[in-house]
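Asker: Just passing along the structure, written as structure tokens.
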Amino acid sequence: MKSGFVMLAGRSNVGKSTLLNSLIGSKVAIVTPKPQTTRQPIRGILHDPRGQIVFVDTPGIFLGRKDLVSKRLNEFVSETLEGVDAIVYVMDPTRDFGPEEEHIQRLLRASDIPKIAVINKSDLPISERRFEDIYEATDVGQTVALKLSAVKNKNLNLLVDKLFELVPEGDAHYPDLQLTDLGHNQWLEELIREKVFLALDQEIPYSIKVALEELETRPDGSRYISATVWTTEERYKKMIIGARASKIKEIGMAARKEIEMVTGLKVFLELNVKVDEKWPERFY
Ligand SMILES: Nc1nc2c(ncn2[C@@H]2O[C@H](COP(=O)(O)OP(=O)(O)OP(=O)(O)O)[C@@H](O)[C@H]2O)c(=O)[nH]1
Ligand SMILES: [Mg+2]
């Protein structure tokens, strides 16, 4: 059987995590319209009669920020690139080519790992895909180029067919029911982080991380979950909590609803907001 690792690479916001989720058929990675949503490489495992493909979703290349976390996110990309059998280079036709695209293309051209170039978001009207020509002309040494839509599942089967041609023969890396390497606690933290990203503007989402504190099963079978939203500044803390705690309630409710929907369990979720200006220094 075929078995291999495939990296999803590209700048922020092109839809790598959306593509991972659609390929796996389950939400393993969080998705938001903001850059730098993904903070660590996340694996999603595709099981198929032909074999197994382990997709590695990576943080997007984003050069707009110079902080420690951003630096580390860009490092993850180069590190992941070392150990995979193939790369899917994801491009977004709605945004102009820029320094980030140049950066990622330089990395890709320097690597002799087989590549497939994909232009995502082809569900959008042509008027929004204003820069498609530029991406169509892209050459990073790819074996093939495809247009697809991660949101509408368009042409994903073609992509998977091509990838099975590229990955080597080998034994499966994961048991056949496992969809991701993300642990349950991490999944909860990620989901809460997604809701913070969606609820808050500008730089605040980048100042936060989420840590699960308690996870208990109550006698009636419901779950009690408590987590801390860490931020780097007192003024951010105030904004995350909001007037009369309205923001943190909104975040907590959105997270709780999704956890309940996915698990089918009744959930009590308690969120606390705390300040630790030094957490980015300890980010991996
Ligand atoms: N219309 C359309 N939107 C898409 C598609 N794929 C992703 N998006 C949107 O693009 C935005 C970014 O998606 P993500 O999957 O978080 O992008 P990413 O590349 O993982 O971003 P980072 O983790 O920040 O690097 C979200 O608002 C998605 O809903 C697609 O096929 N069509
Ligand atoms: Mg992502």
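How things are named: the first chain in the structure tokens is A, the next is B, and so on; residues count from 1 in each chain; ligands count from 1 in the order shown.
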Residues of chain A that approach ligand 2 to 8 Å or less, counting only C-alpha atoms and all ligand atoms: could you list each one with the shortest pair of atoms and its distance in Å to one decimal, rows by chain and increasing residue number, as CSV?
Answerer:
residue,atom,partner,partner_atom_place_in_ligand_line,distance
A:Ser12,CA,ligand 2,1 (Mg),7.0
A:Asn13,CA,ligand 2,1 (Mg),6.8
A:Gly15,CA,ligand 2,1 (Mg),6.6
A:Lys16,CA,ligand 2,1 (Mg),5.4
A:Ser17,CA,ligand 2,1 (Mg),4.1
A:Thr18,CA,ligand 2,1 (Mg),7.2
A:Ala29,CA,ligand 2,1 (Mg),7.0
A:Ile30,CA,ligand 2,1 (Mg),6.7
A:Val31,CA,ligand 2,1 (Mg),6.0
A:Thr32,CA,ligand 2,1 (Mg),7.9
A:Gln36,CA,ligand 2,1 (Mg),6.9
A:Thr37,CA,ligand 2,1 (Mg),5.2
A:Thr38,CA,ligand 2,1 (Mg),4.1
A:Arg39,CA,ligand 2,1 (Mg),7.7
A:Asp57,CA,ligand 2,1 (Mg),6.8
A:Thr58,CA,ligand 2,1 (Mg),6.6
A:Pro59,CA,ligand 2,1 (Mg),5.7
A:Gly60,CA,ligand 2,1 (Mg),6.5
Asker: Could you give me, as CSV, a per-residue list for stretch 74-128 of chain A showing, wherever an atom lies at most 6 Å from an atom of stretch 147-156 of chain A, the closest pair of atoms and their distance in Å to one decimal, using only C-alpha atoms and sorting by chain then residue number from low to high?
Answerer:
residue,atom,partner,partner_atom,distance
A:Val118,CA,A:Lys147,CA,5.6
A:Ile119,CA,A:Lys147,CA,4.7
A:Asn120,CA,A:Leu148,CA,5.0
A:Lys121,CA,A:Ser149,CA,4.7
A:Ser122,CA,A:Ser149,CA,5.1
A:Asp123,CA,A:Ser149,CA,5.7
Asker: Would you output that residue set with N, CA and C atoms, as an mmCIF file, in the first residue's frame?
Answerer:
data_model
loop_
_atom_site.group_PDB
_atom_site.id
_atom_site.type_symbol
_atom_site.label_atom_id
_atom_site.label_comp_id
_atom_site.auth_asym_id
_atom_site.auth_seq_id
_atom_site.Cartn_x
_atom_site.Cartn_y
_atom_site.Cartn_z
ATOM 1 N N VAL A 118 -1.815 24.207 -6.225
ATOM 2 C CA VAL A 118 -3.265 24.331 -6.331
ATOM 3 C C VAL A 118 -3.718 25.772 -6.128
ATOM 4 N N ILE A 119 -4.657 26.173 -6.954
ATOM 5 C CA ILE A 119 -5.303 27.470 -6.781
ATOM 6 C C ILE A 119 -6.647 27.189 -6.125
ATOM 7 N N ASN A 120 -6.789 27.661 -4.906
ATOM 8 C CA ASN A 120 -7.990 27.379 -4.113
ATOM 9 C C ASN A 120 -9.078 28.433 -4.393
ATOM 10 N N LYS A 121 -10.195 28.290 -3.742
ATOM 11 C CA LYS A 121 -11.302 29.255 -3.754
ATOM 12 C C LYS A 121 -11.928 29.430 -5.135
ATOM 13 N N SER A 122 -11.910 28.368 -5.956
ATOM 14 C CA SER A 122 -12.464 28.505 -7.302
ATOM 15 C C SER A 122 -13.988 28.488 -7.302
ATOM 16 N N ASP A 123 -14.590 28.383 -6.120
ATOM 17 C CA ASP A 123 -16.047 28.546 -6.019
ATOM 18 C C ASP A 123 -16.446 30.012 -6.139
#
Asker: Do a neighbour search on A:Phe62 at 10 Å with only C-alpha atoms, toss out local chain neighbours closer than 2 positions, and write the hits as a ChimeraX atom specification.
Answerer: /A:10-13,35-36,59-60,64-66,70-71,73-74,99-101,103-104
Asker: Could you please write out, as a PyMOL selection string, every residue of stretch 83-263 of chain A that DSSP assigns to strand (DSSP E or B)?
Answerer: chain A and resi 86-91+115-119+144-147+149+154+169+180+209-217+223-231
Asker: Report as a ChimeraX atom specification all protein, DNA and RNA residues lying within 8 Å of A:Glu132, evaluated on only C-alpha atoms, omitting residues in the same chain fewer than 3 positions from it.
Answerer: /A:92-94,119,129,135-136
